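A short worksheet on the structure shown next.
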Amino acid sequence: MMNIGICTSLSNAAALKQAGADYIEENVQTFLVPLEPEEAFAPRLDALRAAALPVTAANCFLPGSLPCVGPGPRQGDILRYADTAFRRACAAGITRIVFGSGGSRKIPDGFPRDMARGQLVALLKALGPIAAAHGVIIVIEPLNSAECNFINSLAEGADIVERCDHPHVRLLADIYHMLRDNQPPDDIARYGHLLAHTHIAEKAQRTPPGVAGDDFRPYFNALKQAGYTGDMSIECGWSNLAAQAADAVKFLRQQIP
């Protein structure tokens, strides 16, 4: 059965365990704090060791202050940042680093798209061995076109992953972003062999599953057809996480085949 996690702070672990969640997906920048010294990370690691749930993934990889494409990409700084992030992820038991980072990967106006693609592929080729050394997988997250102007579909993300050609650089399918841009479930079946993680939320207001009652089953069936056996994180807005989480997890488990 697919493990279901929730994107939130580790401080919610006890309530989410009671709600039936299997894991937490944390935030690279605020939990692994790659720009801060070891003394800042140590208490977070101590809290994790005492927590009711594991943290197995982390999102928000790069801050906007570390652009990875455009006229001034900071590749050297990103590689140093990533080495710290991935090393701390390994210590925390985190196996997937979500590369959404719309602010970092946004293509500046007038900058050639092909050049940006080449810059990102070159960065990922350099990041792959660092990720492998620390036992983590980078998952490229396509974002809907209202949030970012680069990598807006599974097809575009798959092209980047295939150009990179490294086993520790894979693809993420976010069903919310797919719904927002009216992308079909067939894309999951088509590129499922590259998937290593998934996200989900309802289409209209990015609410938790079950609030509006979105029917995700076509996407879940595509994941099953693709042979996907990984995890799914709920990444949404909560009006009351503790009260809504159990219903969201239950709703997904009723739809997942």
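We label chains A, B, ... in the order they appear in the structure tokens, count residues from 1 in each chain, and number ligands from 1 in the order shown.
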May I have the residues within 12 Å of Gln119 in chain A as a VMD selection string, using only C-alpha atoms and disregarding those fewer than 6 positions away in the same chain?
chain A and resid 67 to 75 105 107 111 to 113 125 to 126 160 163 to 164
Need the shell around Glu36 in chain A: protein/DNA/RNA residues with any atom at most 10 Å away, counting only C-alpha atoms. Skip same-chain ones fewer than 5 positions apart. Format as a PyMOL selection string?
chain A and resi 29-30+41+81+84
At most 12 Å is the cut-off: for each residue in range 65-167 of chain A with any atom that close to an atom of range 198-213 of chain A, write down the nearest atom pair and the distance in Å rounded to one decimal, counting only C-alpha atoms, chain first then increasing number, as a tab-separated table.
```
residue	atom	partner	partner_atom	distance
A:Arg96	CA	A:Thr198	CA	10.7
A:Ile97	CA	A:Thr198	CA	11.8
A:Val98	CA	A:Thr198	CA	9.8
A:Gly100	CA	A:His199	CA	11.4
A:Val139	CA	A:Thr198	CA	9.3
A:Ile140	CA	A:Thr198	CA	10.4
A:Glu141	CA	A:Thr198	CA	8.8
A:Pro142	CA	A:His199	CA	10.7
A:Leu143	CA	A:His199	CA	11.1
A:Asn144	CA	A:Lys203	CA	11.1
A:Leu154	CA	A:Thr198	CA	11.6
```
Using C-alpha atoms, can you write the selected residues to a file as an mmCIF file, in the first residue's frame?
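To be explicit, this is the file written out as part23.cif:
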```
data_model
loop_
_atom_site.group_PDB
_atom_site.id
_atom_site.type_symbol
_atom_site.label_atom_id
_atom_site.label_comp_id
_atom_site.auth_asym_id
_atom_site.auth_seq_id
_atom_site.Cartn_x
_atom_site.Cartn_y
_atom_site.Cartn_z
ATOM 1 C CA ARG A 96 14.115 12.405 -1.427
ATOM 2 C CA ILE A 97 14.877 16.068 -2.023
ATOM 3 C CA VAL A 98 12.136 17.844 -3.959
ATOM 4 C CA GLY A 100 10.565 22.621 -7.141
ATOM 5 C CA VAL A 139 13.112 14.659 -7.678
ATOM 6 C CA ILE A 140 12.296 17.319 -10.272
ATOM 7 C CA GLU A 141 8.859 18.811 -9.626
ATOM 8 C CA PRO A 142 6.948 20.312 -12.567
ATOM 9 C CA LEU A 143 5.064 23.390 -11.344
ATOM 10 C CA ASN A 144 1.915 24.821 -12.886
ATOM 11 C CA LEU A 154 5.762 15.829 -16.739
#
```
Could you give me, as a VMD selection string, the residues within 12 Å of range 249-252 of chain A, counting only C-alpha atoms and dropping anything in the same chain fewer than 4 positions from it?
chain A and resid 1 to 6 16 to 23 199 to 202 208 to 217 219 to 220 232 to 234 241 to 245 256 to 257
Hey, can you spit out that residue selection with N, CA and C atoms as a compact mmCIF listing (two decimals), in the first residue's frame?
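The result, stored in result.txt:
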```txt
# COMPACT_ATOMS: atom_id res chain seq x y z
N MET A 1 0.83 -1.20 0.00
CA MET A 1 0.00 0.00 0.00
C MET A 1 0.87 1.25 0.00
N MET A 2 0.47 2.25 -0.77
CA MET A 2 1.22 3.50 -0.86
C MET A 2 1.27 4.21 0.49
N ASN A 3 2.46 4.63 0.89
CA ASN A 3 2.59 5.45 2.10
C ASN A 3 2.10 6.86 1.82
N ILE A 4 1.37 7.43 2.77
CA ILE A 4 0.84 8.79 2.63
C ILE A 4 1.48 9.67 3.69
N GLY A 5 2.09 10.75 3.23
CA GLY A 5 2.72 11.70 4.13
C GLY A 5 2.10 13.07 4.00
N ILE A 6 2.56 13.98 4.83
CA ILE A 6 2.03 15.34 4.83
C ILE A 6 3.19 16.33 4.88
N LEU A 16 -0.21 14.01 13.51
CA LEU A 16 -0.33 13.38 12.20
C LEU A 16 -0.22 11.86 12.30
N LYS A 17 0.52 11.38 13.25
CA LYS A 17 0.55 9.93 13.47
C LYS A 17 -0.83 9.45 13.88
N GLN A 18 -1.45 10.19 14.75
CA GLN A 18 -2.80 9.84 15.20
C GLN A 18 -3.80 9.91 14.03
N ALA A 19 -3.53 10.79 13.08
CA ALA A 19 -4.41 10.95 11.92
C ALA A 19 -4.20 9.86 10.88
N GLY A 20 -3.17 9.03 11.05
CA GLY A 20 -2.94 7.94 10.12
C GLY A 20 -1.88 8.20 9.07
N ALA A 21 -1.18 9.32 9.15
CA ALA A 21 -0.11 9.60 8.20
C ALA A 21 1.08 8.68 8.48
N ASP A 22 1.85 8.41 7.42
CA ASP A 22 2.99 7.50 7.55
C ASP A 22 4.32 8.23 7.74
N TYR A 23 4.39 9.48 7.29
CA TYR A 23 5.65 10.22 7.37
C TYR A 23 5.36 11.71 7.20
N HIS A 199 3.07 14.27 -5.19
CA HIS A 199 2.36 15.22 -4.33
C HIS A 199 0.91 15.28 -4.75
N ILE A 200 0.06 15.79 -3.86
CA ILE A 200 -1.37 15.90 -4.19
C ILE A 200 -2.03 17.00 -3.37
N ALA A 201 -3.04 17.64 -3.97
CA ALA A 201 -3.97 18.55 -3.30
C ALA A 201 -5.12 18.75 -4.27
N GLU A 202 -6.21 19.33 -3.78
CA GLU A 202 -7.36 19.57 -4.65
C GLU A 202 -7.12 20.78 -5.56
N PRO A 208 -7.10 20.32 1.21
CA PRO A 208 -6.78 18.92 1.47
C PRO A 208 -7.74 17.99 0.71
N PRO A 209 -7.27 16.83 0.32
CA PRO A 209 -8.17 15.85 -0.32
C PRO A 209 -9.40 15.60 0.54
N GLY A 210 -10.58 15.63 -0.11
CA GLY A 210 -11.82 15.38 0.58
C GLY A 210 -12.63 16.62 0.89
N VAL A 211 -12.01 17.79 0.86
CA VAL A 211 -12.74 19.02 1.18
C VAL A 211 -13.74 19.35 0.06
N ALA A 212 -13.25 19.39 -1.17
CA ALA A 212 -14.14 19.62 -2.32
C ALA A 212 -14.59 18.31 -2.95
N GLY A 213 -13.93 17.22 -2.59
CA GLY A 213 -14.30 15.91 -3.10
C GLY A 213 -13.75 15.60 -4.48
N ASP A 214 -12.61 16.18 -4.85
CA ASP A 214 -12.00 15.89 -6.16
C ASP A 214 -11.84 14.39 -6.36
N ASP A 215 -12.11 13.97 -7.58
CA ASP A 215 -11.92 12.56 -7.94
C ASP A 215 -10.54 12.39 -8.55
N PHE A 216 -9.63 11.82 -7.75
CA PHE A 216 -8.25 11.62 -8.20
C PHE A 216 -8.04 10.25 -8.85
N ARG A 217 -9.08 9.44 -8.92
CA ARG A 217 -8.89 8.05 -9.32
C ARG A 217 -8.26 7.86 -10.69
N TYR A 219 -5.89 9.54 -11.98
CA TYR A 219 -4.45 9.72 -11.77
C TYR A 219 -3.87 8.55 -10.96
N PHE A 220 -4.64 8.09 -9.98
CA PHE A 220 -4.18 6.93 -9.20
C PHE A 220 -4.11 5.68 -10.07
N MET A 232 3.29 9.25 -1.43
CA MET A 232 2.49 10.40 -1.86
C MET A 232 2.35 11.36 -0.68
N SER A 233 2.78 12.61 -0.90
CA SER A 233 2.68 13.64 0.14
C SER A 233 1.54 14.59 -0.16
N ILE A 234 0.72 14.87 0.84
CA ILE A 234 -0.31 15.90 0.72
C ILE A 234 0.37 17.25 0.93
N LEU A 241 -5.03 21.79 10.54
CA LEU A 241 -4.34 20.56 10.15
C LEU A 241 -4.74 19.38 11.03
N ALA A 242 -4.71 19.57 12.32
CA ALA A 242 -5.00 18.46 13.23
C ALA A 242 -6.41 17.90 13.01
N ALA A 243 -7.35 18.79 12.70
CA ALA A 243 -8.73 18.35 12.51
C ALA A 243 -8.97 17.76 11.13
N GLN A 244 -8.24 18.23 10.12
CA GLN A 244 -8.50 17.82 8.74
C GLN A 244 -7.65 16.64 8.27
N ALA A 245 -6.53 16.41 8.90
CA ALA A 245 -5.56 15.44 8.38
C ALA A 245 -6.13 14.03 8.29
N ILE A 256 -7.31 5.35 -3.64
CA ILE A 256 -6.13 4.67 -4.17
C ILE A 256 -6.45 3.19 -4.40
N PRO A 257 -6.24 2.69 -5.60
CA PRO A 257 -6.60 1.28 -5.87
C PRO A 257 -5.65 0.30 -5.20
```
Distance in Å - CA of Glu39 in chain A versus CA of Leu127 in chain A
24.9 Å
Distance query Cys60 in chain A at most 6 Å, only C-alpha atoms, self and fewer than 2 positions along chain excluded, as a tab-separated table (two decimals) with N, CA and C atoms, in the first residue's frame:
```
chain	number	residue	atom	x	y	z
A	27	ASN	N	10.91	20.80	5.10
A	27	ASN	CA	11.38	21.87	4.25
A	27	ASN	C	12.91	21.94	4.33
A	28	VAL	N	13.57	21.85	3.19
A	28	VAL	CA	15.04	21.86	3.18
A	28	VAL	C	15.58	23.11	3.88
A	62	LEU	N	15.97	24.92	-3.15
A	62	LEU	CA	16.81	26.10	-3.33
A	62	LEU	C	16.04	27.39	-3.06
A	101	SER	N	11.39	24.74	-6.28
A	101	SER	CA	12.25	25.92	-6.28
A	101	SER	C	11.98	26.85	-7.46
```
Let's see if you can do this: from backbone DSSP, list all strand (DSSP E) residues in range 190-242 of chain A, as a VMD selection string.
chain A and resid 195 to 200 232 to 234
Could you list, as number ranges by chain, every residue within 12 Å of Ile138 in chain A, counting only C-alpha atoms and ignoring same-chain residues fewer than 3 positions away?
A: 57-62, 82, 85-86, 89, 94-100, 123-132, 134-135, 141, 161, 164, 166-172, 194-197
With C-alpha atoms kept, could you save the residues just selected as a CSV table (one decimal), in the first residue's frame?
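To be explicit, this is the file written out as out33.csv:
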```csv
chain,number,residue,atom,x,y,z
A,57,ALA,CA,11.4,13.8,2.1
A,58,ALA,CA,12.1,17.5,2.1
A,59,ASN,CA,10.9,20.2,-0.3
A,60,CYS,CA,11.8,23.8,-1.1
A,61,PHE,CA,15.3,22.8,-2.1
A,62,LEU,CA,16.8,26.1,-3.3
A,82,ALA,CA,23.6,20.9,-1.7
A,85,ALA,CA,21.8,19.7,2.6
A,86,PHE,CA,22.3,16.2,1.3
A,89,ALA,CA,19.3,14.8,4.9
A,94,ILE,CA,15.5,11.8,4.3
A,95,THR,CA,15.8,10.0,1.0
A,96,ARG,CA,14.1,12.4,-1.4
A,97,ILE,CA,14.9,16.1,-2.0
A,98,VAL,CA,12.1,17.8,-4.0
A,99,PHE,CA,13.5,20.3,-6.6
A,100,GLY,CA,10.6,22.6,-7.1
A,123,LEU,CA,23.8,21.6,-12.6
A,124,LEU,CA,21.9,18.3,-12.2
A,125,LYS,CA,24.7,16.3,-13.7
A,126,ALA,CA,27.0,17.9,-11.0
A,127,LEU,CA,24.4,17.4,-8.3
A,128,GLY,CA,23.7,13.7,-9.1
A,129,PRO,CA,27.0,12.3,-7.8
A,130,ILE,CA,26.7,14.4,-4.6
A,131,ALA,CA,23.2,13.1,-4.0
A,132,ALA,CA,24.4,9.5,-4.6
A,134,HIS,CA,24.7,10.8,0.6
A,135,GLY,CA,22.0,8.3,-0.4
A,141,GLU,CA,8.9,18.8,-9.6
A,161,VAL,CA,15.7,13.9,-16.2
A,164,CYS,CA,20.8,14.4,-17.0
A,166,HIS,CA,21.8,10.0,-13.5
A,167,PRO,CA,20.0,7.4,-11.3
A,168,HIS,CA,19.8,9.9,-8.4
A,169,VAL,CA,17.9,12.5,-10.4
A,170,ARG,CA,14.3,11.4,-11.0
A,171,LEU,CA,10.8,12.9,-11.5
A,172,LEU,CA,8.0,14.0,-9.3
A,194,LEU,CA,11.0,8.0,-14.1
A,195,LEU,CA,8.9,8.8,-11.0
A,196,ALA,CA,10.3,8.6,-7.5
A,197,HIS,CA,7.8,10.8,-5.6
```
Please, what distance in Å, to one decimal, runs between CA of Ser104 in chain A and CA of Ser65 in chain A?
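For CA of Ser104 in chain A relative to CA of Ser65 in chain A, the distance reads 6.9 Å.
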Can you pull out the residues contacting range 223-226 of chain A? Cut-off 7 Å, using only C-alpha atoms, and skip same-chain residues under 5 positions away; I want them as a ChimeraX atom specification.
/A:188-189,192-193
Those same residues, written as a PDB file, in the first residue's frame with C-alpha atoms?
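Result file out_37.pdb:
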```pdb
ATOM      1  CA  ILE A 188       1.783   9.624 -15.557  1.00  0.00           C
ATOM      2  CA  ALA A 189       1.545   6.312 -17.360  1.00  0.00           C
ATOM      3  CA  GLY A 192       5.959   6.670 -14.738  1.00  0.00           C
ATOM      4  CA  HIS A 193       9.241   4.806 -15.138  1.00  0.00           C
TER       5      HIS A 193
END
```
Can you work out the spacing between CA of Leu120 in chain A and CA of Ile78 in chain A in Å, to one decimal?
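Pair CA of Leu120 in chain A / CA of Ile78 in chain A returns 11.5 Å.
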Considering only alpha helix (DSSP H) as DSSP defines it on the backbone, what residues of range 21-62 of chain A qualify? List them as a list in words.
Glu38, Glu39, Ala40, Phe41, Ala42, Pro43, Arg44, Leu45, Asp46, Ala47, Leu48 and Arg49 of chain A
Write a file of the just-selected residues containing C-alpha atoms, as a PDB file, in the first residue's frame.
```pdb
ATOM      1  CA  GLU A  38      25.926  22.634  12.383  1.00  0.00           C
ATOM      2  CA  GLU A  39      24.837  24.105  15.705  1.00  0.00           C
ATOM      3  CA  ALA A  40      21.599  25.230  14.084  1.00  0.00           C
ATOM      4  CA  PHE A  41      20.821  21.787  12.667  1.00  0.00           C
ATOM      5  CA  ALA A  42      21.676  19.738  15.775  1.00  0.00           C
ATOM      6  CA  PRO A  43      18.479  20.524  17.763  1.00  0.00           C
ATOM      7  CA  ARG A  44      16.352  19.707  14.726  1.00  0.00           C
ATOM      8  CA  LEU A  45      18.022  16.330  14.467  1.00  0.00           C
ATOM      9  CA  ASP A  46      17.478  15.733  18.185  1.00  0.00           C
ATOM     10  CA  ALA A  47      13.784  16.572  17.802  1.00  0.00           C
ATOM     11  CA  LEU A  48      13.493  14.162  14.888  1.00  0.00           C
ATOM     12  CA  ARG A  49      14.954  11.299  16.912  1.00  0.00           C
TER      13      ARG A  49
END
```
